[in-house]
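Chemist: Below is the structure I would like to discuss, written out as structure tokens.
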There are 2 protein chains.
Amino acid sequence: MTTAPAFESATYQAPGRDDISQAHARIAPRIHRTPILTSTSLNALAGARFFFKCENLQKTGSFKIRGAANAILSLSNEQAARGIVTQSSGNHGAAVACAAAWRGVPAYIVMPKNAPKVKIQAIEAYGGKITFCEPKVSSRNQTCDRVQAETGAHLVHPYDDDRIIAGQATAAKEFLEEIPDLDAIIAPVSGGGLLSGTCLGAQGIRKDIRIIGCEPAHADDAYRSLATGTLQSLESSDTIADGLRASLSPRTFAILRRHVDRILLVTEEEIISTARLVWERMKIIVEPSSAVALAPLLKPGVVKSLNLPPRTDGTPPKLGVIFSGGNVDLNALPWLP
Amino acid sequence: MTTAPAFESATYQAPGRDDISQAHARIAPRIHRTPILTSTSLNALAGARFFFKCENLQKTGSFKIRGAANAILSLSNEQAARGIVTQSSGNHGAAVACAAAWRGVPAYIVMPKNAPKVKIQAIEAYGGKITFCEPKVSSRNQTCDRVQAETGAHLVHPYDDDRIIAGQATAAKEFLEEIPDLDAIIAPVSGGGLLSGTCLGAQGIRKDIRIIGCEPAHADDAYRSLATGTLQSLESSDTIADGLRASLSPRTFAILRRHVDRILLVTEEEIISTARLVWERMKIIVEPSSAVALAPLLKPGVVKSLNLPPRTDGTPPKLGVIFSGGNVDLNALPWLP
């Protein structure tokens, strides 16, 4: 990994409630308090009561601005002066470019050459300077190292960074502030920044809340890592969920092992049909990565199989789903020829 | 018109603040309190501060459920027993079908045969019984009369009805409850139900607020009616804003004459490009009719030309835009070949 210093899982202190509150205070004036939407027809399909935290409606079109803004706004002027460098499949890059522009410093973004055009354009619109690499973890890391060496920019890794995790945790904090009695929060998992933050942000407020991750079967490293108890790698991935092509780091793996109830997998077809269903029923634009968090819950029997403790009032479980982003190419919808 | 009784403009008492509060109390438990979203990039384009009341995220995908629910939930069991009949280009039909289902009575919907397939399917999904007619006002009225005579159903006209107008007014009421210092509210105009309700709902709370209507140049009867002071007809229309193909009634004309500041016109191209811009920047699905309310404000000089009173703090005007609906065919986006 580009952040390189040895990570000691046994002694690691993940961001706590105070870190997350400070992150929230730092970023709240800059970001949207995203709405939490509901849908009777999706409830009926799943036999649950869904609450959707719409980070697709967040600034830059994804939750990533939470972590990037927290990291970049917490830097000293000296640390920020030579700019920010990162690697990203798109949304984190746009978030870094946006937050760097708020600081008035350059943003150097390393991204795989197969990243969606719309995400490339968004980074450019925020003034980010892009270097393309091969769509492999090794190439991303090497290219990022090189750009960092050339520019002297400050690295803001997309997830292997406590400032990022504390920032992403603010979405779950807002969720529980508004719907305090959620039985579970469900989020997609890729590198694990959002899911780690969701664990810490939610269980820091309510220790008993269940946290569930969802992952494309085509990029199932988190599932395999938690199943085996050993960090599994993912050299490349071709899932349509272009925001979910990264793999866990030792840091995020350590957090998920302690806090995550389970990981659910979904097929590419399920991702596409769920994305379309959300557009159609909820009138919001979610990218495929967002649909990953809902897709498994719509399959017959899955909500029941979660074995959530029954609610005292006998009503169906209250499930909080984080829609992670809404950046899609409107000229190339996944369900159109 | 199907409601036929002579309308006396001089003695007409439009719904007042109490009627609107009662409507709100009646429907609030059933409908969504829709979010009000903002967009820095759209603000920058227009030199204004926009607040978007997202009725596209409303139940049934449009504001129409407000009026339909108010009308149908206020009926006695006897009045409702033989069902509800209405004519609609789509959204009002879905709203009537939905609210009639809540009452457990049939809904008979007369709609033009060129209505979008997705709107037809929505009505069918709510259990509505559809009769198609020619896409002309005269054919719609005649067909509606015939179905009403055959079924004995209770007519809930899409806009020429005080119960409908009071229901639609609740969107503006919610708007001002959350953003009390809006300088103007902008809404699309077709038959004038939403715009009339917006006038009464907003100016009932703050008499000085400006109300502006927006209309496709291809269906400009409200513009011509207000310009000439005489109700103008619109026999047919082919605008892409399929929710805006109706024309004012004497009732809505009477309200708009008293309360509306002006009507702005937009071209078909402006409607399409604005709809796409909203999808792209705000990650929400708006139908072309919704884009009609924003499109004119994005044209250079238009916000300035509104001559809104300068704000005491010298900041740009606060403009409340009502996004009326989000029902589009996801297989046939207007900007795709």
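FYI, nothing fancy with the structure tokens labels: chains A, B, ... in order, residues from 1 per chain, ligands from 1 as they appear.
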Using only C-alpha atoms, determine which residues lie at most 12 Å from segment 16-23 of chain B, disregarding the query and same-chain residues fewer than 2 positions distant; provide the list as an MDAnalysis selection string.
Modeler: chainID B and resid 12:14 25:31 65:74 162:174 196:207 255
Chemist: Taking 2 positions as the minimum chain separation for residues in the same chain, which residues sit within 7 Å of segment 260-271 of chain B when counting only C-alpha atoms? Answer as a list in words.
Modeler: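 So the residues in contact are Cys199, Arg210, Ile211, Ile212, Gly213, Cys214, Glu215, Pro216, Ala217, Tyr223, Thr239, Ile240, Leu256, Arg257, Arg258, Ser273, Thr274, Ala275, Pro288, Ala291, Val292, Ala295 and Pro296 of chain B.
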Chemist: Using C-alpha atoms, can you write the selected residues to a file as a PDB file, in the first residue's frame?
Modeler:
```pdb
ATOM      1  CA  CYS B 199     -50.309  31.305  -4.875  1.00  0.00           C
ATOM      2  CA  ARG B 210     -43.750  36.593  -5.630  1.00  0.00           C
ATOM      3  CA  ILE B 211     -45.267  33.682  -7.518  1.00  0.00           C
ATOM      4  CA  ILE B 212     -44.000  32.958 -11.012  1.00  0.00           C
ATOM      5  CA  GLY B 213     -45.379  30.428 -13.482  1.00  0.00           C
ATOM      6  CA  CYS B 214     -43.400  28.671 -16.204  1.00  0.00           C
ATOM      7  CA  GLU B 215     -44.904  27.169 -19.325  1.00  0.00           C
ATOM      8  CA  PRO B 216     -43.710  25.505 -22.533  1.00  0.00           C
ATOM      9  CA  ALA B 217     -43.884  27.923 -25.462  1.00  0.00           C
ATOM     10  CA  TYR B 223     -49.117  33.169 -20.806  1.00  0.00           C
ATOM     11  CA  THR B 239     -44.780  19.633 -25.897  1.00  0.00           C
ATOM     12  CA  ILE B 240     -42.412  17.044 -24.450  1.00  0.00           C
ATOM     13  CA  LEU B 256     -53.700  33.361 -11.269  1.00  0.00           C
ATOM     14  CA  ARG B 257     -54.850  36.806 -12.430  1.00  0.00           C
ATOM     15  CA  ARG B 258     -54.984  37.979  -8.839  1.00  0.00           C
ATOM     16  CA  SER B 273     -31.286  20.307 -21.571  1.00  0.00           C
ATOM     17  CA  THR B 274     -32.476  21.497 -18.162  1.00  0.00           C
ATOM     18  CA  ALA B 275     -33.942  18.096 -17.290  1.00  0.00           C
ATOM     19  CA  PRO B 288     -39.690  17.363 -18.422  1.00  0.00           C
ATOM     20  CA  ALA B 291     -37.595  21.136 -15.735  1.00  0.00           C
ATOM     21  CA  VAL B 292     -39.969  23.742 -17.172  1.00  0.00           C
ATOM     22  CA  ALA B 295     -35.246  26.243 -17.389  1.00  0.00           C
ATOM     23  CA  PRO B 296     -36.093  29.949 -17.815  1.00  0.00           C
TER      24      PRO B 296
END
```
Chemist: Find the spatial neighbours of Val110 of chain B, counting only C-alpha atoms, within a cut-off of 12 Å - ignore same-chain residues fewer than 6 positions away - and output them as a ChimeraX atom specification.
Modeler: /B:2,84-94,96-97,120,123,128-137,139-148,155-158
Chemist: For the residues in the current selection, export N, CA and C atoms as a short mmCIF file (atom, residue, chain, number, x, y, z; two decimals), in the first residue's frame.
Modeler:
```cif
data_model
loop_
_atom_site.label_atom_id
_atom_site.label_comp_id
_atom_site.auth_asym_id
_atom_site.auth_seq_id
_atom_site.Cartn_x
_atom_site.Cartn_y
_atom_site.Cartn_z
N THR B 2 -66.03 19.44 -17.78
CA THR B 2 -66.87 18.40 -17.24
C THR B 2 -67.59 18.84 -15.97
N ILE B 84 -64.38 6.90 -8.29
CA ILE B 84 -63.92 8.23 -8.66
C ILE B 84 -63.65 8.21 -10.16
N VAL B 85 -64.02 9.28 -10.85
CA VAL B 85 -63.68 9.40 -12.26
C VAL B 85 -62.89 10.68 -12.47
N THR B 86 -61.93 10.62 -13.39
CA THR B 86 -61.18 11.83 -13.73
C THR B 86 -60.57 11.70 -15.11
N GLN B 87 -60.11 12.82 -15.62
CA GLN B 87 -59.31 12.83 -16.84
C GLN B 87 -57.92 13.30 -16.47
N SER B 88 -56.90 12.75 -17.14
CA SER B 88 -55.54 13.06 -16.73
C SER B 88 -54.56 12.67 -17.82
N SER B 89 -53.50 13.45 -17.97
CA SER B 89 -52.42 13.04 -18.88
C SER B 89 -51.49 12.05 -18.19
N GLY B 90 -51.76 11.72 -16.94
CA GLY B 90 -50.98 10.67 -16.31
C GLY B 90 -50.81 10.79 -14.81
N ASN B 91 -50.18 11.87 -14.35
CA ASN B 91 -49.85 11.94 -12.93
C ASN B 91 -51.08 12.09 -12.04
N HIS B 92 -52.03 12.89 -12.47
CA HIS B 92 -53.25 13.02 -11.68
C HIS B 92 -54.02 11.69 -11.68
N GLY B 93 -53.97 10.99 -12.79
CA GLY B 93 -54.62 9.70 -12.87
C GLY B 93 -54.03 8.70 -11.88
N ALA B 94 -52.69 8.67 -11.80
CA ALA B 94 -52.04 7.77 -10.85
C ALA B 94 -52.39 8.17 -9.42
N VAL B 96 -55.13 9.74 -8.38
CA VAL B 96 -56.52 9.38 -8.10
C VAL B 96 -56.62 7.87 -7.88
N ALA B 97 -55.95 7.11 -8.72
CA ALA B 97 -55.99 5.65 -8.55
C ALA B 97 -55.43 5.25 -7.19
N ILE B 120 -49.22 5.26 -17.98
CA ILE B 120 -50.31 4.30 -18.12
C ILE B 120 -50.10 3.12 -17.16
N ILE B 123 -50.82 3.90 -13.48
CA ILE B 123 -52.25 3.91 -13.16
C ILE B 123 -52.76 2.48 -13.02
N GLY B 128 -56.18 1.39 -11.29
CA GLY B 128 -57.07 2.29 -12.02
C GLY B 128 -57.57 1.65 -13.32
N LYS B 129 -58.82 1.98 -13.70
CA LYS B 129 -59.40 1.47 -14.95
C LYS B 129 -59.33 2.60 -15.98
N ILE B 130 -58.61 2.36 -17.07
CA ILE B 130 -58.31 3.43 -18.03
C ILE B 130 -59.25 3.38 -19.23
N THR B 131 -59.73 4.56 -19.67
CA THR B 131 -60.40 4.73 -20.96
C THR B 131 -59.58 5.74 -21.75
N PHE B 132 -59.15 5.34 -22.95
CA PHE B 132 -58.34 6.26 -23.75
C PHE B 132 -59.23 7.18 -24.59
N CYS B 133 -58.71 8.39 -24.87
CA CYS B 133 -59.42 9.34 -25.73
C CYS B 133 -58.42 10.01 -26.66
N GLU B 134 -58.91 10.86 -27.56
CA GLU B 134 -58.01 11.64 -28.42
C GLU B 134 -57.28 12.68 -27.56
N PRO B 135 -56.08 13.05 -27.98
CA PRO B 135 -55.32 14.03 -27.18
C PRO B 135 -55.79 15.47 -27.43
N LYS B 136 -57.06 15.71 -27.22
CA LYS B 136 -57.65 17.04 -27.39
C LYS B 136 -58.54 17.31 -26.19
N VAL B 137 -58.62 18.56 -25.81
CA VAL B 137 -59.42 18.93 -24.64
C VAL B 137 -60.87 18.50 -24.82
N SER B 139 -62.18 16.08 -26.64
CA SER B 139 -62.35 14.63 -26.54
C SER B 139 -62.21 14.17 -25.09
N ARG B 140 -61.27 14.78 -24.36
CA ARG B 140 -61.09 14.41 -22.95
C ARG B 140 -62.37 14.69 -22.17
N ASN B 141 -62.92 15.88 -22.37
CA ASN B 141 -64.13 16.24 -21.62
C ASN B 141 -65.30 15.33 -21.96
N GLN B 142 -65.50 15.10 -23.27
CA GLN B 142 -66.62 14.26 -23.69
C GLN B 142 -66.50 12.84 -23.14
N THR B 143 -65.28 12.30 -23.23
CA THR B 143 -65.09 10.93 -22.76
C THR B 143 -65.30 10.85 -21.26
N CYS B 144 -64.83 11.85 -20.56
CA CYS B 144 -64.98 11.88 -19.11
C CYS B 144 -66.47 11.96 -18.73
N ASP B 145 -67.20 12.81 -19.43
CA ASP B 145 -68.66 12.91 -19.21
C ASP B 145 -69.33 11.55 -19.38
N ARG B 146 -68.94 10.86 -20.45
CA ARG B 146 -69.56 9.58 -20.77
C ARG B 146 -69.28 8.55 -19.67
N VAL B 147 -68.01 8.45 -19.25
CA VAL B 147 -67.65 7.47 -18.22
C VAL B 147 -68.36 7.80 -16.91
N GLN B 148 -68.44 9.09 -16.62
CA GLN B 148 -69.12 9.49 -15.39
C GLN B 148 -70.60 9.08 -15.42
N LEU B 155 -66.75 12.80 -9.71
CA LEU B 155 -65.71 13.45 -10.51
C LEU B 155 -64.71 14.18 -9.62
N VAL B 156 -63.44 13.88 -9.83
CA VAL B 156 -62.37 14.68 -9.22
C VAL B 156 -61.54 15.25 -10.36
N HIS B 157 -61.91 16.45 -10.79
CA HIS B 157 -61.24 17.11 -11.90
C HIS B 157 -59.77 17.36 -11.54
N PRO B 158 -58.86 17.31 -12.51
CA PRO B 158 -57.44 17.46 -12.16
C PRO B 158 -57.09 18.84 -11.60
#
```
Chemist: Would you mind listing, as a PDB file with N, CA and C atoms, in the first residue's frame, all residues of chain A that have at least one atom within 6 Å of chain B, where only C-alpha atoms are what counts?
Modeler:
```pdb
ATOM      1  N   LEU A  57     -27.067  12.005  -3.162  1.00  0.00           N
ATOM      2  CA  LEU A  57     -27.439  13.418  -3.263  1.00  0.00           C
ATOM      3  C   LEU A  57     -26.430  14.319  -2.533  1.00  0.00           C
ATOM      4  N   LYS A 283     -37.252   7.624  -7.870  1.00  0.00           N
ATOM      5  CA  LYS A 283     -36.967   8.835  -8.663  1.00  0.00           C
ATOM      6  C   LYS A 283     -35.651   9.483  -8.275  1.00  0.00           C
ATOM      7  N   ILE A 284     -34.723   8.660  -7.833  1.00  0.00           N
ATOM      8  CA  ILE A 284     -33.382   9.173  -7.569  1.00  0.00           C
ATOM      9  C   ILE A 284     -32.384   8.359  -8.374  1.00  0.00           C
ATOM     10  N   ILE A 285     -31.260   9.008  -8.696  1.00  0.00           N
ATOM     11  CA  ILE A 285     -30.243   8.357  -9.501  1.00  0.00           C
ATOM     12  C   ILE A 285     -29.208   7.746  -8.574  1.00  0.00           C
ATOM     13  N   GLY A 326     -24.210   8.602  -6.755  1.00  0.00           N
ATOM     14  CA  GLY A 326     -25.143   8.734  -7.869  1.00  0.00           C
ATOM     15  C   GLY A 326     -24.490   9.162  -9.165  1.00  0.00           C
TER      16      GLY A 326
END
```
Chemist: Set the distance at 9 Å and use only C-alpha atoms: which residues neighbour Arg245 of chain B once local chain neighbours fewer than 5 positions away are removed? I'd like the list as a list in words.
Modeler: Ser89, Pro135, Ser190, Gly191, Ala219, Leu234, Ser236, Ser237, Asp238 and Thr239 of chain B
Chemist: With C-alpha atoms retained, could you export that selection as a PDB file, in the first residue's frame?
Modeler:
```
ATOM      1  CA  SER B  89     -52.420  13.043 -18.879  1.00  0.00           C
ATOM      2  CA  PRO B 135     -55.316  14.028 -27.184  1.00  0.00           C
ATOM      3  CA  SER B 190     -50.722  23.638 -17.157  1.00  0.00           C
ATOM      4  CA  GLY B 191     -54.333  23.608 -15.966  1.00  0.00           C
ATOM      5  CA  ALA B 219     -48.513  25.186 -24.730  1.00  0.00           C
ATOM      6  CA  LEU B 234     -55.428  25.433 -26.166  1.00  0.00           C
ATOM      7  CA  SER B 236     -53.955  20.559 -28.557  1.00  0.00           C
ATOM      8  CA  SER B 237     -50.287  20.564 -27.722  1.00  0.00           C
ATOM      9  CA  ASP B 238     -47.263  18.467 -28.540  1.00  0.00           C
ATOM     10  CA  THR B 239     -44.780  19.633 -25.897  1.00  0.00           C
TER      11      THR B 239
END
```
Chemist: So, counting only C-alpha atoms, which residue among B:Ala227, B:Glu55, B:Ala222, B:Ser249 is closest to Ala6 of chain B?
Modeler: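 Selected residue with least distance to Ala6 of chain B: B:Ser249.
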Chemist: Could you list, as a CSV table (one decimal) with N, CA and C atoms, in the first residue's frame, every residue within 10 Å of segment 303-307 of chain A, counting only C-alpha atoms and ignoring same-chain residues fewer than 3 positions away?
Modeler:
```csv
chain,number,residue,atom,x,y,z
A,46,ALA,N,-39.7,-6.4,0.3
A,46,ALA,CA,-38.7,-7.1,1.2
A,46,ALA,C,-39.3,-7.5,2.5
A,47,GLY,N,-40.4,-7.0,2.9
A,47,GLY,CA,-41.0,-7.3,4.2
A,47,GLY,C,-40.2,-6.6,5.3
A,48,ALA,N,-39.8,-5.4,5.0
A,48,ALA,CA,-39.0,-4.6,6.0
A,48,ALA,C,-39.4,-3.2,5.9
A,184,ALA,N,-30.5,-2.3,11.9
A,184,ALA,CA,-29.3,-2.6,11.2
A,184,ALA,C,-29.0,-1.5,10.2
A,210,ARG,N,-26.8,-3.8,14.3
A,210,ARG,CA,-26.1,-4.7,13.4
A,210,ARG,C,-25.6,-3.9,12.2
A,212,ILE,N,-24.1,-4.5,8.3
A,212,ILE,CA,-24.0,-5.6,7.3
A,212,ILE,C,-23.4,-4.9,6.1
A,261,ASP,N,-21.4,-7.8,11.1
A,261,ASP,CA,-22.2,-9.0,11.3
A,261,ASP,C,-22.0,-10.0,10.2
A,262,ARG,N,-22.1,-9.5,9.0
A,262,ARG,CA,-21.9,-10.4,7.8
A,262,ARG,C,-21.8,-9.6,6.5
A,296,PRO,N,-29.3,-7.4,-2.2
A,296,PRO,CA,-29.5,-8.7,-1.5
A,296,PRO,C,-30.7,-8.8,-0.7
A,297,LEU,N,-31.1,-7.6,-0.1
A,297,LEU,CA,-32.3,-7.6,0.8
A,297,LEU,C,-33.6,-7.8,0.1
A,298,LEU,N,-33.6,-7.6,-1.3
A,298,LEU,CA,-34.8,-7.8,-2.0
A,298,LEU,C,-35.0,-9.3,-2.4
A,299,LYS,N,-34.0,-10.1,-2.2
A,299,LYS,CA,-34.2,-11.5,-2.5
A,299,LYS,C,-35.0,-12.2,-1.5
A,300,PRO,N,-35.9,-13.1,-1.9
A,300,PRO,CA,-36.8,-13.8,-1.0
A,300,PRO,C,-36.0,-14.4,0.2
A,310,PRO,N,-36.2,-9.7,17.2
A,310,PRO,CA,-37.5,-9.2,16.9
A,310,PRO,C,-37.7,-7.8,17.7
A,316,PRO,N,-42.1,-5.0,11.4
A,316,PRO,CA,-40.9,-5.5,10.6
A,316,PRO,C,-39.7,-4.7,10.9
A,317,PRO,N,-38.5,-5.3,10.7
A,317,PRO,CA,-37.3,-4.7,11.0
A,317,PRO,C,-37.1,-3.3,10.3
A,319,LEU,N,-34.5,-1.1,8.6
A,319,LEU,CA,-33.2,-1.3,8.0
A,319,LEU,C,-32.7,0.0,7.3
```
Chemist: Nearest to Phe323 of chain A among A:Leu226, A:Leu231, A:Leu194, A:Ile272, with distances taken over only C-alpha atoms: which residue is it?
Modeler: A:Leu194
Chemist: Mind pulling up the distance from atom CA of Pro15 of chain B to atom CA of Ser233 of chain B?
Modeler: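 The value is 24.4 Å.
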Chemist: Using DSSP secondary structure from the backbone, list all strand (DSSP E) positions within segment 83-260 of chain A, as a list in words.
Modeler: Ile84, Val85, Thr86, Gln87, Ala107, Tyr108, Ile109, Val110, Met111, Pro112, Lys129, Ile130, Thr131, Phe132, Cys133, His154, Leu155, Ala184, Ile185, Ile186, Ala187, Pro188, Arg210, Ile211, Ile212, Gly213, Cys214, Glu215 and Pro216 of chain A
Chemist: For each of A:Ser41, A:Ser9, A:Thr230, A:Thr315, take the minimum atom-to-atom distance to Ala125 of chain B, counting only C-alpha atoms, then give the residue where this is smallest.
Modeler: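 Counting only C-alpha atoms, the residue closest to Ala125 of chain B is A:Ser41.
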Chemist: To one decimal place, how far is atom CA of Asp181 of chain A from atom CA of Lys318 of chain A in Å?
Modeler: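 These two atoms are separated by 7.5 Å.
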Chemist: Between A:Met111, A:Leu182, A:Ala101, A:Ala80, which has the minimum distance to Gly152 of chain A (counting only C-alpha atoms)?
Modeler: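 Between A:Met111, A:Leu182, A:Ala101, A:Ala80, the residue approaching Gly152 of chain A most closely is A:Ala80.
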Chemist: If you run DSSP over the backbone, which residues in segment 53-253 of chain A end up helix (DSSP H, G or I)? Put them as a ChimeraX atom specification.
Modeler: /A:55-57,59-61,64-73,77-80,91-103,117-125,137-151,162-178,193-203,217-219,221-228,250-253
Chemist: What is the distance, in Å and to one decimal place, between atom CA of Ile185 of chain A and atom CA of Ser247 of chain A?
Modeler: 20.7 Å
